[in-house]
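The file run36.cif comes next; it holds mmCIF, N, CA and C atoms and all ligand atoms.
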```
data_run
loop_
_atom_site.label_atom_id
_atom_site.label_comp_id
_atom_site.auth_asym_id
_atom_site.auth_seq_id
_atom_site.Cartn_x
_atom_site.Cartn_y
_atom_site.Cartn_z
N MET A 1 21.74 38.51 -16.38
CA MET A 1 20.48 37.83 -16.02
C MET A 1 20.73 36.85 -14.87
N ASN A 2 19.95 36.96 -13.79
CA ASN A 2 20.20 36.01 -12.70
C ASN A 2 19.47 34.69 -12.98
N ILE A 3 19.83 33.70 -12.17
CA ILE A 3 19.35 32.34 -12.45
C ILE A 3 17.83 32.23 -12.30
N GLU A 4 17.27 32.98 -11.31
CA GLU A 4 15.81 32.91 -11.14
C GLU A 4 15.08 33.47 -12.37
N HIS A 5 15.64 34.52 -12.92
CA HIS A 5 15.05 35.12 -14.12
C HIS A 5 15.07 34.12 -15.27
N LEU A 6 16.22 33.45 -15.39
CA LEU A 6 16.38 32.44 -16.45
C LEU A 6 15.36 31.31 -16.25
N TYR A 7 15.23 30.84 -15.03
CA TYR A 7 14.27 29.76 -14.74
C TYR A 7 12.85 30.19 -15.10
N ARG A 8 12.52 31.43 -14.73
CA ARG A 8 11.18 31.92 -15.02
C ARG A 8 10.94 31.97 -16.53
N GLN A 9 11.98 32.35 -17.24
CA GLN A 9 11.87 32.43 -18.70
C GLN A 9 11.62 31.05 -19.32
N VAL A 10 12.34 30.05 -18.81
CA VAL A 10 12.16 28.68 -19.32
C VAL A 10 10.73 28.21 -19.04
N ILE A 11 10.24 28.50 -17.83
CA ILE A 11 8.86 28.12 -17.48
C ILE A 11 7.86 28.78 -18.43
N MET A 12 8.04 30.06 -18.70
CA MET A 12 7.11 30.77 -19.58
C MET A 12 7.18 30.25 -21.02
N GLU A 13 8.38 29.86 -21.45
CA GLU A 13 8.51 29.31 -22.81
C GLU A 13 7.71 28.01 -22.94
N HIS A 14 7.83 27.15 -21.92
CA HIS A 14 7.08 25.89 -21.97
C HIS A 14 5.57 26.14 -21.84
N TYR A 15 5.21 27.20 -21.12
CA TYR A 15 3.79 27.53 -20.96
C TYR A 15 3.21 28.02 -22.30
N LYS A 16 3.97 28.88 -22.96
CA LYS A 16 3.47 29.47 -24.22
C LYS A 16 3.57 28.49 -25.39
N SER A 17 4.63 27.70 -25.42
CA SER A 17 4.83 26.76 -26.53
C SER A 17 5.08 25.36 -25.97
N PRO A 18 4.04 24.74 -25.42
CA PRO A 18 4.25 23.44 -24.76
C PRO A 18 4.62 22.34 -25.74
N LYS A 19 5.47 21.45 -25.27
CA LYS A 19 5.86 20.29 -26.08
C LYS A 19 4.87 19.15 -25.80
N ASN A 20 4.55 18.39 -26.82
CA ASN A 20 3.72 17.17 -26.70
C ASN A 20 2.31 17.43 -26.16
N LYS A 21 1.79 18.63 -26.40
CA LYS A 21 0.45 18.94 -25.90
C LYS A 21 -0.64 18.39 -26.83
N GLY A 22 -1.76 17.99 -26.22
CA GLY A 22 -2.89 17.51 -27.02
C GLY A 22 -3.14 16.04 -26.77
N PHE A 23 -4.23 15.57 -27.37
CA PHE A 23 -4.61 14.17 -27.20
C PHE A 23 -4.49 13.40 -28.51
N VAL A 24 -4.34 12.09 -28.37
CA VAL A 24 -4.46 11.25 -29.55
C VAL A 24 -5.59 10.26 -29.30
N ALA A 25 -6.38 10.01 -30.35
CA ALA A 25 -7.44 9.01 -30.24
C ALA A 25 -6.85 7.68 -30.66
N ASP A 26 -6.21 7.02 -29.71
CA ASP A 26 -5.49 5.79 -30.03
C ASP A 26 -5.53 4.90 -28.79
N ASN A 27 -6.14 3.73 -28.94
CA ASN A 27 -6.32 2.83 -27.80
C ASN A 27 -5.02 2.26 -27.25
N SER A 28 -3.94 2.42 -27.99
CA SER A 28 -2.68 1.88 -27.48
C SER A 28 -2.06 2.80 -26.42
N TYR A 29 -2.67 3.98 -26.23
CA TYR A 29 -2.22 4.90 -25.17
C TYR A 29 -3.04 4.65 -23.91
N LEU A 30 -2.36 4.77 -22.75
CA LEU A 30 -3.07 4.73 -21.47
C LEU A 30 -3.35 6.19 -21.08
N THR A 31 -4.59 6.46 -20.71
CA THR A 31 -4.97 7.82 -20.34
C THR A 31 -5.18 7.92 -18.84
N ILE A 32 -4.54 8.92 -18.21
CA ILE A 32 -4.67 9.12 -16.76
C ILE A 32 -5.16 10.55 -16.55
N HIS A 33 -6.19 10.65 -15.74
CA HIS A 33 -6.77 11.96 -15.49
C HIS A 33 -6.66 12.26 -14.00
N LEU A 34 -6.07 13.39 -13.64
CA LEU A 34 -5.96 13.77 -12.23
C LEU A 34 -6.43 15.21 -12.07
N ASN A 35 -6.91 15.53 -10.86
CA ASN A 35 -7.14 16.95 -10.61
C ASN A 35 -6.43 17.39 -9.35
N ASN A 36 -6.16 18.67 -9.32
CA ASN A 36 -5.47 19.27 -8.19
C ASN A 36 -6.53 19.65 -7.17
N PRO A 37 -6.59 18.94 -6.03
CA PRO A 37 -7.67 19.21 -5.08
C PRO A 37 -7.62 20.63 -4.51
N SER A 38 -6.46 21.26 -4.56
CA SER A 38 -6.34 22.61 -3.99
C SER A 38 -7.06 23.67 -4.83
N CYS A 39 -7.10 23.46 -6.15
CA CYS A 39 -7.66 24.52 -6.99
C CYS A 39 -8.71 23.99 -7.97
N GLY A 40 -8.80 22.66 -8.13
CA GLY A 40 -9.78 22.08 -9.05
C GLY A 40 -9.28 21.97 -10.47
N ASP A 41 -8.07 22.46 -10.74
CA ASP A 41 -7.54 22.35 -12.10
C ASP A 41 -7.30 20.89 -12.47
N GLU A 42 -7.32 20.63 -13.76
CA GLU A 42 -7.27 19.24 -14.22
C GLU A 42 -6.09 18.99 -15.15
N MET A 43 -5.63 17.75 -15.14
CA MET A 43 -4.52 17.36 -16.01
C MET A 43 -4.77 15.95 -16.53
N THR A 44 -4.66 15.79 -17.82
CA THR A 44 -4.76 14.46 -18.42
C THR A 44 -3.46 14.16 -19.14
N VAL A 45 -2.95 12.96 -18.89
CA VAL A 45 -1.70 12.53 -19.53
C VAL A 45 -1.99 11.24 -20.27
N GLN A 46 -1.44 11.11 -21.46
CA GLN A 46 -1.53 9.85 -22.21
C GLN A 46 -0.13 9.29 -22.40
N LEU A 47 0.00 8.00 -22.13
CA LEU A 47 1.30 7.34 -22.24
C LEU A 47 1.22 6.20 -23.25
N LYS A 48 2.24 6.12 -24.08
CA LYS A 48 2.37 4.93 -24.93
C LYS A 48 3.66 4.24 -24.51
N VAL A 49 3.53 2.99 -24.14
CA VAL A 49 4.69 2.21 -23.69
C VAL A 49 4.85 0.99 -24.58
N VAL A 50 6.05 0.85 -25.13
CA VAL A 50 6.35 -0.30 -25.98
C VAL A 50 7.61 -0.96 -25.42
N ASP A 51 7.52 -2.23 -25.08
CA ASP A 51 8.66 -2.96 -24.51
C ASP A 51 9.29 -2.21 -23.34
N HIS A 52 8.47 -1.75 -22.42
CA HIS A 52 8.90 -1.05 -21.20
C HIS A 52 9.48 0.34 -21.44
N VAL A 53 9.41 0.82 -22.67
CA VAL A 53 9.93 2.16 -22.95
C VAL A 53 8.75 3.09 -23.27
N ILE A 54 8.80 4.30 -22.68
CA ILE A 54 7.74 5.29 -22.94
C ILE A 54 8.06 5.94 -24.28
N THR A 55 7.36 5.51 -25.30
CA THR A 55 7.69 6.01 -26.65
C THR A 55 6.96 7.31 -26.96
N ASP A 56 5.88 7.60 -26.21
CA ASP A 56 5.20 8.87 -26.45
C ASP A 56 4.44 9.30 -25.19
N ILE A 57 4.37 10.60 -25.00
CA ILE A 57 3.62 11.17 -23.88
C ILE A 57 2.85 12.38 -24.42
N LYS A 58 1.57 12.44 -24.13
CA LYS A 58 0.77 13.62 -24.48
C LYS A 58 0.16 14.16 -23.18
N HIS A 59 -0.17 15.43 -23.19
CA HIS A 59 -0.77 16.01 -21.98
C HIS A 59 -1.70 17.14 -22.37
N GLN A 60 -2.68 17.37 -21.53
CA GLN A 60 -3.63 18.45 -21.76
C GLN A 60 -4.18 18.83 -20.39
N GLY A 61 -4.13 20.10 -20.05
CA GLY A 61 -4.62 20.49 -18.73
C GLY A 61 -5.19 21.88 -18.71
N THR A 62 -5.80 22.20 -17.56
CA THR A 62 -6.40 23.53 -17.41
C THR A 62 -5.72 24.32 -16.29
N GLY A 63 -4.53 23.91 -15.92
CA GLY A 63 -3.89 24.51 -14.75
C GLY A 63 -3.19 25.83 -15.01
N CYS A 64 -2.49 26.28 -13.98
CA CYS A 64 -1.74 27.54 -14.02
C CYS A 64 -0.46 27.35 -14.85
N SER A 65 0.32 28.41 -14.97
CA SER A 65 1.54 28.35 -15.79
C SER A 65 2.53 27.33 -15.23
N ILE A 66 2.61 27.21 -13.91
CA ILE A 66 3.55 26.24 -13.32
C ILE A 66 3.11 24.83 -13.72
N CYS A 67 1.81 24.56 -13.59
CA CYS A 67 1.27 23.23 -13.86
C CYS A 67 1.42 22.84 -15.33
N CYS A 68 1.00 23.73 -16.23
CA CYS A 68 1.01 23.40 -17.66
C CYS A 68 2.44 23.34 -18.21
N SER A 69 3.30 24.25 -17.74
CA SER A 69 4.69 24.21 -18.22
C SER A 69 5.37 22.95 -17.70
N SER A 70 5.05 22.58 -16.48
CA SER A 70 5.68 21.40 -15.89
C SER A 70 5.26 20.12 -16.63
N ALA A 71 4.03 20.11 -17.15
CA ALA A 71 3.57 18.96 -17.95
C ALA A 71 4.40 18.87 -19.23
N SER A 72 4.68 20.01 -19.84
CA SER A 72 5.50 20.03 -21.05
C SER A 72 6.91 19.53 -20.74
N VAL A 73 7.49 20.03 -19.65
CA VAL A 73 8.85 19.62 -19.26
C VAL A 73 8.87 18.12 -18.93
N MET A 74 7.83 17.66 -18.23
CA MET A 74 7.74 16.24 -17.88
C MET A 74 7.75 15.39 -19.15
N SER A 75 6.94 15.80 -20.14
CA SER A 75 6.84 14.98 -21.36
C SER A 75 8.18 14.93 -22.08
N GLU A 76 8.86 16.06 -22.10
CA GLU A 76 10.15 16.12 -22.77
C GLU A 76 11.20 15.30 -22.01
N THR A 77 11.12 15.35 -20.69
CA THR A 77 12.12 14.67 -19.85
C THR A 77 11.95 13.15 -19.89
N LEU A 78 10.69 12.69 -19.92
CA LEU A 78 10.46 11.25 -19.74
C LEU A 78 10.24 10.48 -21.05
N LYS A 79 9.96 11.20 -22.12
CA LYS A 79 9.74 10.52 -23.41
C LYS A 79 11.02 9.82 -23.84
N GLY A 80 10.90 8.56 -24.21
CA GLY A 80 12.07 7.79 -24.66
C GLY A 80 12.77 7.05 -23.54
N LYS A 81 12.30 7.26 -22.29
CA LYS A 81 12.94 6.58 -21.15
C LYS A 81 12.22 5.25 -20.87
N SER A 82 12.97 4.32 -20.27
CA SER A 82 12.31 3.10 -19.83
C SER A 82 11.42 3.46 -18.63
N MET A 83 10.45 2.62 -18.34
CA MET A 83 9.55 2.92 -17.21
C MET A 83 10.35 3.00 -15.91
N ASP A 84 11.34 2.13 -15.73
CA ASP A 84 12.14 2.15 -14.49
C ASP A 84 12.94 3.44 -14.37
N ASP A 85 13.57 3.86 -15.46
CA ASP A 85 14.33 5.11 -15.42
C ASP A 85 13.39 6.30 -15.18
N ALA A 86 12.22 6.26 -15.81
CA ALA A 86 11.26 7.34 -15.62
C ALA A 86 10.86 7.44 -14.15
N MET A 87 10.65 6.31 -13.49
CA MET A 87 10.28 6.33 -12.06
C MET A 87 11.40 6.94 -11.22
N LYS A 88 12.64 6.64 -11.56
CA LYS A 88 13.77 7.23 -10.82
C LYS A 88 13.81 8.74 -11.02
N ILE A 89 13.59 9.17 -12.26
CA ILE A 89 13.61 10.61 -12.56
C ILE A 89 12.46 11.32 -11.82
N ILE A 90 11.27 10.70 -11.84
CA ILE A 90 10.11 11.29 -11.15
C ILE A 90 10.44 11.44 -9.66
N HIS A 91 11.04 10.43 -9.08
CA HIS A 91 11.39 10.49 -7.65
C HIS A 91 12.34 11.67 -7.39
N GLU A 92 13.34 11.83 -8.24
CA GLU A 92 14.30 12.93 -8.05
C GLU A 92 13.61 14.28 -8.24
N PHE A 93 12.63 14.33 -9.15
CA PHE A 93 11.89 15.58 -9.35
C PHE A 93 11.13 15.94 -8.07
N TYR A 94 10.54 14.94 -7.42
CA TYR A 94 9.82 15.21 -6.16
C TYR A 94 10.79 15.72 -5.08
N GLU A 95 11.99 15.16 -5.04
CA GLU A 95 12.99 15.63 -4.07
C GLU A 95 13.31 17.10 -4.33
N LEU A 96 13.52 17.43 -5.61
CA LEU A 96 13.82 18.82 -5.98
C LEU A 96 12.70 19.76 -5.57
N ILE A 97 11.46 19.32 -5.84
CA ILE A 97 10.30 20.17 -5.55
C ILE A 97 10.15 20.40 -4.04
N LYS A 98 10.58 19.40 -3.26
CA LYS A 98 10.49 19.55 -1.79
C LYS A 98 11.67 20.36 -1.24
N GLY A 99 12.60 20.70 -2.11
CA GLY A 99 13.77 21.46 -1.66
C GLY A 99 14.85 20.57 -1.08
N TYR A 100 14.77 19.27 -1.32
CA TYR A 100 15.78 18.33 -0.82
C TYR A 100 16.88 18.17 -1.87
N PRO A 101 18.04 17.66 -1.43
CA PRO A 101 19.07 17.38 -2.44
C PRO A 101 18.56 16.33 -3.42
N TYR A 102 18.90 16.50 -4.68
CA TYR A 102 18.46 15.52 -5.68
C TYR A 102 19.67 15.09 -6.50
N ASP A 103 19.53 13.99 -7.19
CA ASP A 103 20.64 13.43 -7.97
C ASP A 103 20.73 14.15 -9.32
N LYS A 104 21.78 14.94 -9.47
CA LYS A 104 21.91 15.77 -10.68
C LYS A 104 22.29 14.96 -11.92
N GLU A 105 22.64 13.70 -11.70
CA GLU A 105 22.92 12.85 -12.87
C GLU A 105 21.64 12.20 -13.38
N ILE A 106 20.67 12.07 -12.48
CA ILE A 106 19.40 11.44 -12.88
C ILE A 106 18.41 12.50 -13.40
N LEU A 107 18.30 13.58 -12.66
CA LEU A 107 17.36 14.64 -13.08
C LEU A 107 18.14 15.73 -13.81
N VAL A 108 17.97 15.76 -15.13
CA VAL A 108 18.70 16.74 -15.93
C VAL A 108 17.71 17.49 -16.83
N GLY A 109 18.17 18.55 -17.45
CA GLY A 109 17.33 19.28 -18.39
C GLY A 109 16.50 20.35 -17.70
N ASP A 110 15.43 20.75 -18.37
CA ASP A 110 14.64 21.90 -17.90
C ASP A 110 13.94 21.66 -16.57
N ALA A 111 13.80 20.41 -16.13
CA ALA A 111 13.08 20.13 -14.88
C ALA A 111 13.68 20.87 -13.69
N VAL A 112 14.97 21.17 -13.75
CA VAL A 112 15.61 21.81 -12.60
C VAL A 112 15.10 23.23 -12.37
N VAL A 113 14.41 23.81 -13.36
CA VAL A 113 13.94 25.19 -13.17
C VAL A 113 12.85 25.30 -12.11
N TYR A 114 12.33 24.15 -11.68
CA TYR A 114 11.25 24.19 -10.67
C TYR A 114 11.77 24.15 -9.24
N GLN A 115 13.09 24.26 -9.05
CA GLN A 115 13.60 24.13 -7.68
C GLN A 115 13.13 25.26 -6.78
N GLY A 116 12.77 26.41 -7.36
CA GLY A 116 12.28 27.52 -6.54
C GLY A 116 10.90 27.25 -5.95
N VAL A 117 10.19 26.25 -6.50
CA VAL A 117 8.82 25.96 -6.06
C VAL A 117 8.80 25.54 -4.58
N ALA A 118 9.92 24.98 -4.10
CA ALA A 118 9.99 24.54 -2.71
C ALA A 118 9.67 25.68 -1.74
N GLN A 119 9.92 26.90 -2.17
CA GLN A 119 9.65 28.05 -1.30
C GLN A 119 8.17 28.44 -1.30
N PHE A 120 7.39 27.82 -2.18
CA PHE A 120 5.97 28.16 -2.28
C PHE A 120 5.14 26.87 -2.18
N PRO A 121 4.92 26.41 -0.94
CA PRO A 121 4.26 25.10 -0.76
C PRO A 121 2.94 24.97 -1.50
N ALA A 122 2.23 26.08 -1.67
CA ALA A 122 0.93 26.00 -2.34
C ALA A 122 1.09 25.61 -3.82
N ARG A 123 2.29 25.82 -4.39
CA ARG A 123 2.49 25.51 -5.80
C ARG A 123 3.06 24.11 -6.04
N VAL A 124 3.37 23.41 -4.94
CA VAL A 124 3.97 22.07 -5.10
C VAL A 124 3.03 21.16 -5.89
N LYS A 125 1.75 21.21 -5.56
CA LYS A 125 0.78 20.34 -6.27
C LYS A 125 0.67 20.73 -7.74
N CYS A 126 0.81 22.02 -8.02
CA CYS A 126 0.76 22.47 -9.42
C CYS A 126 1.92 21.85 -10.20
N ALA A 127 3.11 21.95 -9.62
CA ALA A 127 4.32 21.51 -10.33
C ALA A 127 4.38 20.00 -10.50
N THR A 128 3.72 19.27 -9.62
CA THR A 128 3.87 17.80 -9.66
C THR A 128 2.67 17.09 -10.30
N LEU A 129 1.60 17.81 -10.64
CA LEU A 129 0.36 17.14 -11.08
C LEU A 129 0.59 16.21 -12.29
N ALA A 130 1.23 16.71 -13.33
CA ALA A 130 1.44 15.88 -14.54
C ALA A 130 2.41 14.73 -14.25
N TRP A 131 3.38 14.98 -13.38
CA TRP A 131 4.35 13.94 -13.03
C TRP A 131 3.65 12.83 -12.26
N LYS A 132 2.70 13.23 -11.40
CA LYS A 132 1.95 12.22 -10.63
C LYS A 132 1.06 11.40 -11.55
N ALA A 133 0.50 12.05 -12.56
CA ALA A 133 -0.34 11.32 -13.52
C ALA A 133 0.51 10.27 -14.25
N THR A 134 1.70 10.65 -14.64
CA THR A 134 2.58 9.70 -15.34
C THR A 134 3.02 8.58 -14.40
N GLU A 135 3.34 8.93 -13.17
CA GLU A 135 3.73 7.92 -12.17
C GLU A 135 2.59 6.91 -11.99
N GLN A 136 1.37 7.44 -11.88
CA GLN A 136 0.20 6.57 -11.72
C GLN A 136 0.04 5.65 -12.93
N GLY A 137 0.26 6.21 -14.12
CA GLY A 137 0.14 5.41 -15.35
C GLY A 137 1.17 4.30 -15.39
N ILE A 138 2.40 4.61 -15.03
CA ILE A 138 3.46 3.58 -15.04
C ILE A 138 3.12 2.49 -14.03
N ASN A 139 2.66 2.90 -12.85
CA ASN A 139 2.28 1.90 -11.84
C ASN A 139 1.16 1.00 -12.35
N LYS A 140 0.22 1.59 -13.06
CA LYS A 140 -0.91 0.80 -13.59
C LYS A 140 -0.40 -0.20 -14.64
N ILE A 141 0.47 0.25 -15.53
CA ILE A 141 1.00 -0.64 -16.58
C ILE A 141 1.77 -1.80 -15.91
N LYS A 142 2.56 -1.45 -14.87
CA LYS A 142 3.33 -2.50 -14.18
C LYS A 142 2.41 -3.50 -13.48
N GLU A 143 1.37 -2.98 -12.83
CA GLU A 143 0.40 -3.86 -12.16
C GLU A 143 -0.28 -4.78 -13.15
N ASP A 144 -0.70 -4.21 -14.27
CA ASP A 144 -1.37 -5.01 -15.29
C ASP A 144 -0.45 -6.11 -15.80
N GLU A 145 0.83 -5.79 -15.93
CA GLU A 145 1.81 -6.81 -16.38
C GLU A 145 1.89 -7.95 -15.38
N LEU A 146 1.92 -7.56 -14.08
CA LEU A 146 2.03 -8.60 -13.04
C LEU A 146 0.81 -9.50 -13.01
N ASN A 147 -0.36 -8.87 -13.26
CA ASN A 147 -1.61 -9.64 -13.24
C ASN A 147 -1.88 -10.37 -14.56
N GLY A 148 -0.90 -10.28 -15.44
CA GLY A 148 -1.04 -10.99 -16.71
C GLY A 148 -2.03 -10.32 -17.60
FE1 LIG A 201 -4.36 25.08 -10.27
FE2 LIG A 201 -1.76 25.57 -10.29
S1 LIG A 201 -3.34 26.83 -9.50
S2 LIG A 201 -2.78 23.83 -11.02
#
```
Whole structure given in structure tokens:
Amino acid sequence: MNIEHLYRQVIMEHYKSPKNKGFVADNSYLTIHLNNPSCGDEMTVQLKVVDHVITDIKHQGTGCSICCSSASVMSETLKGKSMDDAMKIIHEFYELIKGYPYDKEILVGDAVVYQGVAQFPARVKCATLAWKATEQGINKIKEDELNG
């Protein structure tokens, strides 16, 4: 089995059996809703942060297999991380998606299966939508902290 085949398999597994999918009706979660302007697909991410640590992430979207699987991978990758570490990981994921060298000690796990996306610029927004929602949520939590 070649590596691309393996990557595709991991993506399809996350698409068919996503981790952390669904919503919770709980005000202690921050909800971020984004849409992909290229196709109109939507992604909603919920974050629970306790003492600067992301203790839970939920997601729900209407996107393609790349988008929905990537939301599952994002939730698995960032759950349990501090907000600062999560921001570093998100940054490295964007480098990978652009086809740039990325820090293999920071970005680990299933997220690396999206490195082929760099060859398909139209899919970059699909792969990053849930990650951008989480990035936006972390920025909002940090801003709110600064503003007291
Ligand atoms: Fe819409 Fe991928 S085609 S998110």
8 Å shell around ligand LIG 201 (chain A) using only N, CA and C atoms and all ligand atoms, listed as an NGL selection string: :A and (35-43 or 62-68 or 122-127 or 129)
For Ile32 of chain A, the nearest of the candidates A:Gly116, A:Gly137, A:Gly61, A:Gly148, counting all atoms listed in the file: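 Selected residue with least distance to Ile32 of chain A: A:Gly137.
Residues of segment 19-83 of chain A that DSSP, applied to the backbone, places in helix (DSSP H, G or I): A:Ser65, A:Ile66, A:Cys67, A:Cys68, A:Ser69, A:Ser70, A:Ala71, A:Ser72, A:Val73, A:Met74, A:Ser75, A:Glu76, A:Thr77, A:Leu78, A:Met83.
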Interatomic distance (Å, one decimal) between atom C of Ala71 of chain A and atom N of Asn147 of chain A: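 Rounded to one decimal, the two atoms are 28.8 Å apart.
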Point-to-point distance in Å for atom N of His33 of chain A and atom CA of Glu145 of chain A: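 These atoms are spaced 19.2 Å apart.
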Residues within 6 Å of (11.3, 18.3, -20.2), counting only C-alpha atoms, listed as a ChimeraX atom specification: /A:73-77,110-111
Atom CA of Gln115 of chain A to atom CA of Ile97 of chain A, distance in Å rounded to a single decimal: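 These two atoms are separated by 5.6 Å.
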Segment 3-9 of chain A surroundings by only C-alpha atoms, 8 Å radius, close-in-sequence under 4 positions cut, as a count of residues only: 4
Selection: 8 Å around segment 103-105 of chain A, all atoms listed in the file, excl. self and same-chain fewer than 5 positions, as a VMD selection string: chain A and resid 91 to 93 95 to 96
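Using all atoms listed in the file for every distance, the candidate list A:Thr134, A:Lys16, A:Val49, A:Pro101 yields A:Val49 as the residue closest to Ser28 of chain A.
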Using only N, CA and C atoms: which of A:Met87, A:Ala25, A:Leu34, A:Met12 has the shortest distance to Ser69 of chain A: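 Ranking A:Met87, A:Ala25, A:Leu34, A:Met12 by distance to Ser69 of chain A, first place goes to A:Met12.
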Centre and edge lengths of an axis-aligned box around all listed atoms of segment 106-121 of chain A, with 6 Å added on each side, are to be given in Å to one decimal, as lines of an AutoDock Vina configuration file.
```
center_x = 11.8
center_y = 19.9
center_z = -9.6
size_x = 29.7
size_y = 29.0
size_z = 29.6
```
Protein and nucleic acid residues near (18.7, 8.0, -15.7) (cut-off 6.5 Å, only N, CA and C atoms) as a PyMOL selection string: chain A and resi 85+89+105-107
Output the selection as an mmCIF file, in the frame of the given file - N, CA and C atoms for each residue.
```
data_model
loop_
_atom_site.group_PDB
_atom_site.id
_atom_site.type_symbol
_atom_site.label_atom_id
_atom_site.label_comp_id
_atom_site.auth_asym_id
_atom_site.auth_seq_id
_atom_site.Cartn_x
_atom_site.Cartn_y
_atom_site.Cartn_z
ATOM 1 N N ASP A 85 13.570 3.860 -15.460
ATOM 2 C CA ASP A 85 14.330 5.110 -15.420
ATOM 3 C C ASP A 85 13.390 6.300 -15.180
ATOM 4 N N ILE A 89 13.590 9.170 -12.260
ATOM 5 C CA ILE A 89 13.610 10.610 -12.560
ATOM 6 C C ILE A 89 12.460 11.320 -11.820
ATOM 7 N N GLU A 105 22.640 13.700 -11.700
ATOM 8 C CA GLU A 105 22.920 12.850 -12.870
ATOM 9 C C GLU A 105 21.640 12.200 -13.380
ATOM 10 N N ILE A 106 20.670 12.070 -12.480
ATOM 11 C CA ILE A 106 19.400 11.440 -12.880
ATOM 12 C C ILE A 106 18.410 12.500 -13.400
ATOM 13 N N LEU A 107 18.300 13.580 -12.660
ATOM 14 C CA LEU A 107 17.360 14.640 -13.080
ATOM 15 C C LEU A 107 18.140 15.730 -13.810
#
```
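With only C-alpha atoms as the atoms that count, the minimum distance from Thr31 of chain A to the choices A:Gln119, A:Gln60, A:Ser82, A:Thr55 is reached by A:Gln60.
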Which of A:Asn139, A:Gly22, A:Gly99, A:Ser17 sits closest to Met83 of chain A [using only C-alpha atoms]: A:Asn139
Among the residues A:Ala133, A:Ala118, A:Ile11, A:Lys140, the one that comes closest to Ser70 of chain A [using all atoms listed in the file]: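 Using all atoms listed in the file, the shortest distance to Ser70 of chain A belongs to A:Ile11.
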N, CA, C and O atoms for segment 75-86 of chain A, written as a compact mmCIF listing (two decimals), keeping the file's coordinate frame, could you do that?
```
# COMPACT_ATOMS: atom_id res chain seq x y z
N SER A 75 6.94 15.80 -20.14
CA SER A 75 6.84 14.98 -21.36
C SER A 75 8.18 14.93 -22.08
O SER A 75 8.59 13.88 -22.56
N GLU A 76 8.86 16.06 -22.10
CA GLU A 76 10.15 16.12 -22.77
C GLU A 76 11.20 15.30 -22.01
O GLU A 76 12.05 14.64 -22.61
N THR A 77 11.12 15.35 -20.69
CA THR A 77 12.12 14.67 -19.85
C THR A 77 11.95 13.15 -19.89
O THR A 77 12.94 12.41 -19.89
N LEU A 78 10.69 12.69 -19.92
CA LEU A 78 10.46 11.25 -19.74
C LEU A 78 10.24 10.48 -21.05
O LEU A 78 10.33 9.25 -21.07
N LYS A 79 9.96 11.20 -22.12
CA LYS A 79 9.74 10.52 -23.41
C LYS A 79 11.02 9.82 -23.84
O LYS A 79 12.11 10.42 -23.82
N GLY A 80 10.90 8.56 -24.21
CA GLY A 80 12.07 7.79 -24.66
C GLY A 80 12.77 7.05 -23.54
O GLY A 80 13.71 6.29 -23.78
N LYS A 81 12.30 7.26 -22.29
CA LYS A 81 12.94 6.58 -21.15
C LYS A 81 12.22 5.25 -20.87
O LYS A 81 11.03 5.10 -21.15
N SER A 82 12.97 4.32 -20.27
CA SER A 82 12.31 3.10 -19.83
C SER A 82 11.42 3.46 -18.63
O SER A 82 11.64 4.50 -17.97
N MET A 83 10.45 2.62 -18.34
CA MET A 83 9.55 2.92 -17.21
C MET A 83 10.35 3.00 -15.91
O MET A 83 10.08 3.85 -15.06
N ASP A 84 11.34 2.13 -15.73
CA ASP A 84 12.14 2.15 -14.49
C ASP A 84 12.94 3.44 -14.37
O ASP A 84 12.99 4.06 -13.30
N ASP A 85 13.57 3.86 -15.46
CA ASP A 85 14.33 5.11 -15.42
C ASP A 85 13.39 6.30 -15.18
O ASP A 85 13.73 7.22 -14.44
N ALA A 86 12.22 6.26 -15.81
CA ALA A 86 11.26 7.34 -15.62
C ALA A 86 10.86 7.44 -14.15
O ALA A 86 10.77 8.55 -13.60
```
